[in-house]
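Participant: Just dropping this structure here.
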Amino acid sequence: MTKICCIGAGYVGGPTMAMIAYKCPNIDVHVVDINQARIDAWNSDVLPVYEPGLFEIVASRRGKNLKFSTCIDHAIREADIIFISVNTPTKTFGAGAGRAANLEFIERCARRIAEAAEGHKIVVEKSTLPVRTAEAVKRILSESSNGATFDVLSNPEFLAEGTAIEDLLDPDRVLIGGENPEAIEALVSVYAHWVDRSRILTTNLWSSELSKLTANAFLAQRVSSINAISALCEATEANVDEVAAAIGTDSRIGPKFLKASVGFGGSCFQKDILNLVYLCQHYGLHEVAEYWEQVVKMNDYQKSRFAQKMVKTMFNTVSGKRLAIWGFAFKKDTNDTRESAAIYVCRDLLRENAILNIYDPKVSDEQIRNDLRELMANGSGELSQLDRRLIDENIHVVESMQAAASGSHAVAVLTEWDEFKNADFERIYSQMQKPAFVFDGRNILDHKKLQQIGFEVHAIGKRV
Ligand code: NAD
Ligand code: UGA
């Protein structure tokens, strides 16, 4: 019986391993983490990660061939295949701060594997890593104290949050990079339990590592491209949804990932593009670095443009005005707020002294305040007295769309949760200050209907 261990029980490690356990009942899967609270949550009825369909899959295999624990060394010793799925955030200190990936967690895992392992192991990079990280991982492993031997593979994950289960069940492709054909085949045969072999691509290690950063850079570039055009649409009376539909019918461009928005968020796009920028600079490719950096700058512009437009529209002041913020997660169907555009928009509005009524179906009060504290402290760890007061006193996290809108001057839609489309806008309108504004940062609402009710509606990249 094959045994798999995965170090890192986060948004990737948890769902990916649950799917392997679900599809491969003959494989024992042990997910480990240093974070006891997270492991406890994986063993409970409220998983640490919200993803449609995830709970059912975890519940069906937990206690059978799927286990969550903090027994890292034990899991390493037992396993034939060890996935490393720890976080690789942007470095906040030292050389490359603000760009390079912080690889300390990866290195710590490699050292722990080297210490605990016996016999032969296949070590799989599941985390998103800068190209040539496997070189460092191999060197660290080769110093193993127990004489263990290793093959290192790269198997980046392409799932998107909110659709993780669909993406894992039916991936466009599985990518496996490596050197030893036997090790590659061992991992291919795991995925082949449910993925057609024609969709399992094998490459050299470096192509696999670089493909992951490249995929995210291309996806983010599309969003920044359509968002750049959304600004031009607003200036010219073109309609960005019509432009997106028109260019999307060209099969060379395609319809997906052309939804104009308040800006992309999530834990990966910005981090991975900045990492790519850093790599290019490292290799002396300054023009290439600048090219990709512009994708992130465009995204920063889109977020601040949205907040500025709100202020300008509401007679150049939101000071003391109550504003309803609908949605705080970086996209629908997830509880993840990392790099969510909402954090930036809320910061800008708070600094205009607005009062924010925030509602998100899956994000907690504590999470919202922590995100704002972190952003407003700007990496220094120190919040100014004013910012602290704004976060403590000007934010009200509420339990429903109605509660957020009641008494507000405006509703701003920052995440595209489905329930927002079905809100009782007549009732909401009656409870709001007049004129009542809607700023649809996701272009998901029925704007004509809102206008008929009496709202003044503003959308991304089109005049309503
Ligand atoms: P996460 O922060 O949700 O989870 C990482 C986990 O690793 C945490 O629970 C942390 O406690 C644990 N960890 C850190 N160091 C450890 C150590 N030394 N030993 C044991 N556990 C340790 O991160 P995530 O969102 O799951 O992302 C993981 C990696 O996958 C990143 O490189 C990310 O870029 C990549 N990725 C993420 C997504 C996504 O949708 N979130 C998709 C594809 C790829
Ligand atoms: C993204 C990629 O889609 C995954 O393939 C990849 O595995 C993952 O990053 C990763 O490496 O972590 P994710 O960040 O979970 O997945 O979510 P996306 O669906 O890509 O959305 C990212 C952001 O772009 C969201 O804020 C979303 O609202 C925004 N977006 C997306 C738009 O504004 N417009 C679009 O048309 C698409």
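Starting from 1 in every chain, residues are counted up; chains themselves are A, B, ... following the order of the structure tokens, and ligands are numbered from 1 as listed.
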Identify, with DSSP run on backbone atoms, the residues in stretch 150-385 of chain A assigned to alpha helix (DSSP H), and express the list as a ChimeraX atom specification.
Facilitator: /A:164-169,181-191,205-236,240-248,269-282,286-313,341-350,365-377,385
Participant: Can you tell me, as a ChimeraX atom specification, what residues are no more than 8 Å from A:Leu276 when counting only C-alpha atoms, ignoring any on the same chain fewer than 2 positions away?
Facilitator: /A:130,213,272-274,278-280,289,292
Participant: Could the residues in this selection be written to a file with N, CA, C and O atoms, as an mmCIF file, in the first residue's frame?
Facilitator:
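To be explicit, this is the file written out as again30.cif:
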data_model
loop_
_atom_site.group_PDB
_atom_site.id
_atom_site.type_symbol
_atom_site.label_atom_id
_atom_site.label_comp_id
_atom_site.auth_asym_id
_atom_site.auth_seq_id
_atom_site.Cartn_x
_atom_site.Cartn_y
_atom_site.Cartn_z
ATOM 1 N N PRO A 130 9.923 29.650 -6.839
ATOM 2 C CA PRO A 130 10.722 30.211 -7.922
ATOM 3 C C PRO A 130 11.474 29.100 -8.654
ATOM 4 O O PRO A 130 11.838 28.088 -8.042
ATOM 5 N N LEU A 213 4.471 29.799 -12.087
ATOM 6 C CA LEU A 213 4.520 31.265 -12.011
ATOM 7 C C LEU A 213 3.995 31.877 -13.304
ATOM 8 O O LEU A 213 3.285 32.884 -13.290
ATOM 9 N N ASP A 272 3.042 35.863 -6.811
ATOM 10 C CA ASP A 272 3.764 35.114 -7.828
ATOM 11 C C ASP A 272 4.319 36.029 -8.921
ATOM 12 O O ASP A 272 5.417 35.795 -9.442
ATOM 13 N N ILE A 273 3.587 37.089 -9.257
ATOM 14 C CA ILE A 273 4.120 38.008 -10.277
ATOM 15 C C ILE A 273 5.330 38.742 -9.712
ATOM 16 O O ILE A 273 6.347 38.899 -10.384
ATOM 17 N N LEU A 274 5.224 39.175 -8.450
ATOM 18 C CA LEU A 274 6.368 39.871 -7.848
ATOM 19 C C LEU A 274 7.575 38.947 -7.783
ATOM 20 O O LEU A 274 8.719 39.370 -8.005
ATOM 21 N N TYR A 278 11.153 39.550 -9.474
ATOM 22 C CA TYR A 278 12.425 39.428 -8.749
ATOM 23 C C TYR A 278 13.387 38.488 -9.481
ATOM 24 O O TYR A 278 14.578 38.776 -9.618
ATOM 25 N N LEU A 279 12.845 37.381 -9.963
ATOM 26 C CA LEU A 279 13.685 36.421 -10.703
ATOM 27 C C LEU A 279 14.292 37.081 -11.941
ATOM 28 O O LEU A 279 15.477 36.912 -12.231
ATOM 29 N N CYS A 280 13.457 37.834 -12.663
ATOM 30 C CA CYS A 280 13.947 38.489 -13.882
ATOM 31 C C CYS A 280 15.055 39.476 -13.532
ATOM 32 O O CYS A 280 16.077 39.551 -14.217
ATOM 33 N N ALA A 289 11.352 42.330 -16.251
ATOM 34 C CA ALA A 289 10.861 42.580 -14.889
ATOM 35 C C ALA A 289 9.836 43.714 -14.900
ATOM 36 O O ALA A 289 8.759 43.610 -14.313
ATOM 37 N N TRP A 292 6.308 42.745 -16.361
ATOM 38 C CA TRP A 292 5.400 42.014 -15.468
ATOM 39 C C TRP A 292 4.977 42.846 -14.269
ATOM 40 O O TRP A 292 3.861 42.727 -13.783
#
Participant: Given a cut-off of 8 Å, what residues near ligand 1 show up using only C-alpha atoms and all ligand atoms, put as a ChimeraX atom specification?
Facilitator: /A:7-14,32-35,38,70,72,85-89,105-109,112,126-129,156-161,164,266-268,271-272
Participant: Determine the nearest neighbour of ligand 2 from the options A:Phe218, A:Phe93, A:Tyr22, A:Phe264, counting only C-alpha atoms and all ligand atoms.
Facilitator: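 Comparing A:Phe218, A:Phe93, A:Tyr22, A:Phe264 against ligand 2, the winner is A:Phe264.
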Participant: Enter the distance from atom CA of A:Thr203 to atom CA of A:Gly177, in Å, rounded to one decimal.
Facilitator: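 A separation of 4.6 Å between them.
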Participant: Find the residues around stretch 254-261 of chain A up to 8 Å (only C-alpha atoms counted), leave out those fewer than 2 positions away in its own chain, and share them as a list in words.
Facilitator: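 So the residues in contact are Leu219, Arg222, Val223, Ile226, Asn227, Ser230, Val240, Asp241, Ala244, Ala245, Ile247, Gly248, Thr249, Asp250, Ser251, Arg252, Gly263, Phe264, Gly441, Arg442, Asn443, Ile460 and Gly461 of chain A.
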Participant: With N, CA, C and O atoms retained, export the selected residues as a PDB file, in the first residue's frame.
Facilitator:
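Done, and the output landed in part-v3.pdb:
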ATOM      1  N   LEU A 219      -2.687  34.717 -16.262  1.00  0.00           N
ATOM      2  CA  LEU A 219      -4.077  34.902 -15.817  1.00  0.00           C
ATOM      3  C   LEU A 219      -4.267  36.307 -15.237  1.00  0.00           C
ATOM      4  O   LEU A 219      -5.221  37.017 -15.581  1.00  0.00           O
ATOM      5  N   ARG A 222      -4.420  39.045 -17.809  1.00  0.00           N
ATOM      6  CA  ARG A 222      -5.710  39.214 -18.495  1.00  0.00           C
ATOM      7  C   ARG A 222      -6.639  40.107 -17.679  1.00  0.00           C
ATOM      8  O   ARG A 222      -7.315  40.972 -18.223  1.00  0.00           O
ATOM      9  N   VAL A 223      -6.658  39.877 -16.363  1.00  0.00           N
ATOM     10  CA  VAL A 223      -7.543  40.701 -15.528  1.00  0.00           C
ATOM     11  C   VAL A 223      -7.058  42.150 -15.547  1.00  0.00           C
ATOM     12  O   VAL A 223      -7.859  43.085 -15.704  1.00  0.00           O
ATOM     13  N   ILE A 226      -8.040  43.770 -18.951  1.00  0.00           N
ATOM     14  CA  ILE A 226      -9.440  44.174 -19.108  1.00  0.00           C
ATOM     15  C   ILE A 226      -9.754  45.313 -18.132  1.00  0.00           C
ATOM     16  O   ILE A 226     -10.522  46.219 -18.463  1.00  0.00           O
ATOM     17  N   ASN A 227      -9.124  45.311 -16.953  1.00  0.00           N
ATOM     18  CA  ASN A 227      -9.354  46.408 -16.017  1.00  0.00           C
ATOM     19  C   ASN A 227      -8.780  47.721 -16.548  1.00  0.00           C
ATOM     20  O   ASN A 227      -9.357  48.794 -16.340  1.00  0.00           O
ATOM     21  N   SER A 230     -11.223  48.936 -18.809  1.00  0.00           N
ATOM     22  CA  SER A 230     -12.436  49.410 -18.123  1.00  0.00           C
ATOM     23  C   SER A 230     -12.334  50.910 -17.824  1.00  0.00           C
ATOM     24  O   SER A 230     -13.315  51.639 -17.903  1.00  0.00           O
ATOM     25  N   VAL A 240     -17.484  47.935 -20.968  1.00  0.00           N
ATOM     26  CA  VAL A 240     -16.424  46.916 -20.851  1.00  0.00           C
ATOM     27  C   VAL A 240     -16.970  45.495 -20.990  1.00  0.00           C
ATOM     28  O   VAL A 240     -16.282  44.619 -21.522  1.00  0.00           O
ATOM     29  N   ASP A 241     -18.216  45.261 -20.554  1.00  0.00           N
ATOM     30  CA  ASP A 241     -18.777  43.910 -20.705  1.00  0.00           C
ATOM     31  C   ASP A 241     -18.972  43.595 -22.187  1.00  0.00           C
ATOM     32  O   ASP A 241     -18.741  42.467 -22.630  1.00  0.00           O
ATOM     33  N   ALA A 244     -15.529  42.979 -23.653  1.00  0.00           N
ATOM     34  CA  ALA A 244     -15.031  41.650 -23.251  1.00  0.00           C
ATOM     35  C   ALA A 244     -15.726  40.554 -24.055  1.00  0.00           C
ATOM     36  O   ALA A 244     -15.085  39.616 -24.535  1.00  0.00           O
ATOM     37  N   ALA A 245     -17.051  40.697 -24.215  1.00  0.00           N
ATOM     38  CA  ALA A 245     -17.784  39.670 -24.978  1.00  0.00           C
ATOM     39  C   ALA A 245     -17.329  39.677 -26.428  1.00  0.00           C
ATOM     40  O   ALA A 245     -17.155  38.615 -27.049  1.00  0.00           O
ATOM     41  N   ILE A 247     -14.376  40.653 -27.736  1.00  0.00           N
ATOM     42  CA  ILE A 247     -13.031  40.085 -27.978  1.00  0.00           C
ATOM     43  C   ILE A 247     -12.988  38.613 -27.575  1.00  0.00           C
ATOM     44  O   ILE A 247     -12.253  37.824 -28.151  1.00  0.00           O
ATOM     45  N   GLY A 248     -13.851  38.230 -26.599  1.00  0.00           N
ATOM     46  CA  GLY A 248     -13.843  36.843 -26.113  1.00  0.00           C
ATOM     47  C   GLY A 248     -14.331  35.833 -27.135  1.00  0.00           C
ATOM     48  O   GLY A 248     -14.040  34.644 -27.021  1.00  0.00           O
ATOM     49  N   THR A 249     -15.075  36.298 -28.137  1.00  0.00           N
ATOM     50  CA  THR A 249     -15.545  35.361 -29.165  1.00  0.00           C
ATOM     51  C   THR A 249     -14.420  34.960 -30.111  1.00  0.00           C
ATOM     52  O   THR A 249     -14.540  33.985 -30.841  1.00  0.00           O
ATOM     53  N   ASP A 250     -13.354  35.713 -30.107  1.00  0.00           N
ATOM     54  CA  ASP A 250     -12.178  35.330 -30.895  1.00  0.00           C
ATOM     55  C   ASP A 250     -11.543  34.134 -30.192  1.00  0.00           C
ATOM     56  O   ASP A 250     -11.068  34.260 -29.062  1.00  0.00           O
ATOM     57  N   SER A 251     -11.535  32.990 -30.868  1.00  0.00           N
ATOM     58  CA  SER A 251     -11.100  31.778 -30.161  1.00  0.00           C
ATOM     59  C   SER A 251      -9.637  31.884 -29.713  1.00  0.00           C
ATOM     60  O   SER A 251      -9.217  31.190 -28.805  1.00  0.00           O
ATOM     61  N   ARG A 252      -8.881  32.779 -30.359  1.00  0.00           N
ATOM     62  CA  ARG A 252      -7.487  32.917 -29.911  1.00  0.00           C
ATOM     63  C   ARG A 252      -7.431  33.633 -28.568  1.00  0.00           C
ATOM     64  O   ARG A 252      -6.474  33.492 -27.818  1.00  0.00           O
ATOM     65  N   GLY A 263     -10.497  44.764  -9.019  1.00  0.00           N
ATOM     66  CA  GLY A 263      -9.086  44.382  -8.954  1.00  0.00           C
ATOM     67  C   GLY A 263      -8.958  42.949  -8.484  1.00  0.00           C
ATOM     68  O   GLY A 263      -9.791  42.473  -7.734  1.00  0.00           O
ATOM     69  N   PHE A 264      -7.913  42.271  -8.949  1.00  0.00           N
ATOM     70  CA  PHE A 264      -7.755  40.882  -8.504  1.00  0.00           C
ATOM     71  C   PHE A 264      -7.160  40.847  -7.104  1.00  0.00           C
ATOM     72  O   PHE A 264      -6.427  41.742  -6.692  1.00  0.00           O
ATOM     73  N   GLY A 441     -18.743  46.796  -7.872  1.00  0.00           N
ATOM     74  CA  GLY A 441     -17.344  46.516  -8.207  1.00  0.00           C
ATOM     75  C   GLY A 441     -17.149  45.192  -8.905  1.00  0.00           C
ATOM     76  O   GLY A 441     -16.018  44.809  -9.210  1.00  0.00           O
ATOM     77  N   ARG A 442     -18.251  44.462  -9.141  1.00  0.00           N
ATOM     78  CA  ARG A 442     -18.126  43.165  -9.813  1.00  0.00           C
ATOM     79  C   ARG A 442     -19.045  43.056 -11.025  1.00  0.00           C
ATOM     80  O   ARG A 442     -19.121  41.990 -11.647  1.00  0.00           O
ATOM     81  N   ASN A 443     -19.788  44.117 -11.308  1.00  0.00           N
ATOM     82  CA  ASN A 443     -20.748  44.095 -12.429  1.00  0.00           C
ATOM     83  C   ASN A 443     -21.670  42.877 -12.381  1.00  0.00           C
ATOM     84  O   ASN A 443     -21.852  42.169 -13.378  1.00  0.00           O
ATOM     85  N   ILE A 460     -18.303  48.989 -13.087  1.00  0.00           N
ATOM     86  CA  ILE A 460     -16.928  49.036 -13.586  1.00  0.00           C
ATOM     87  C   ILE A 460     -16.966  49.095 -15.113  1.00  0.00           C
ATOM     88  O   ILE A 460     -17.554  48.223 -15.762  1.00  0.00           O
ATOM     89  N   GLY A 461     -16.345  50.102 -15.672  1.00  0.00           N
ATOM     90  CA  GLY A 461     -16.123  50.133 -17.121  1.00  0.00           C
ATOM     91  C   GLY A 461     -17.361  50.321 -17.962  1.00  0.00           C
ATOM     92  O   GLY A 461     -17.353  49.961 -19.145  1.00  0.00           O
TER      93      GLY A 461
END
Participant: Leaving out stretch 387-390 of chain A and any residue of its chain fewer than 3 positions from it, which residues lie within 7 Å of it when counting only C-alpha atoms, given as a list of chain:residue names?
Facilitator: A:Leu350, A:Met376, A:Leu383, A:Ser384, A:Glu393, A:Asn394
Participant: Counting only C-alpha atoms, which of A:Thr16, A:Asp45, A:Val29, A:Ile57 gets nearest to A:Asn155?
Facilitator: A:Thr16
Participant: One decimal, Å: what's the distance from atom CA of A:Ala148 over to atom CA of A:Gly119, could you say?
Facilitator: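 Going from atom CA of A:Ala148 over to atom CA of A:Gly119, I get 4.7 Å.
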Participant: What's around A:Val397 at 12 Å? Count only C-alpha atoms, leave out sequence neighbours fewer than 4 positions away in its own chain, and write the answer as a list in words.
Facilitator: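 Contacts, with the query itself left out: Leu323, Ala324, Ile325, Trp326, Gly327, Phe328, Ile355, Leu356, Asn357, Ile358, Tyr359, Asp360, Pro361, Lys362, Val363, Ser364, Asp365, Glu366, Gln367, Ile368, Arg369, Ile391, Asp392, Glu393, Met401, Ala403, Ala404 and Ala405 of chain A.
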Participant: In Å, with one decimal, what is the gap from atom CA of A:Met314 to atom CA of A:Ala410?
Facilitator: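 Computed distance, atom CA of A:Met314 to atom CA of A:Ala410, equals 8.7 Å.
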Participant: Find the spatial neighbours of A:Gly53, counting only C-alpha atoms, within a cut-off of 12 Å - ignore same-chain residues fewer than 3 positions away - and output them as a ChimeraX atom specification.
Facilitator: /A:15,18-19,47,49-50,56-60,162-169,333-334
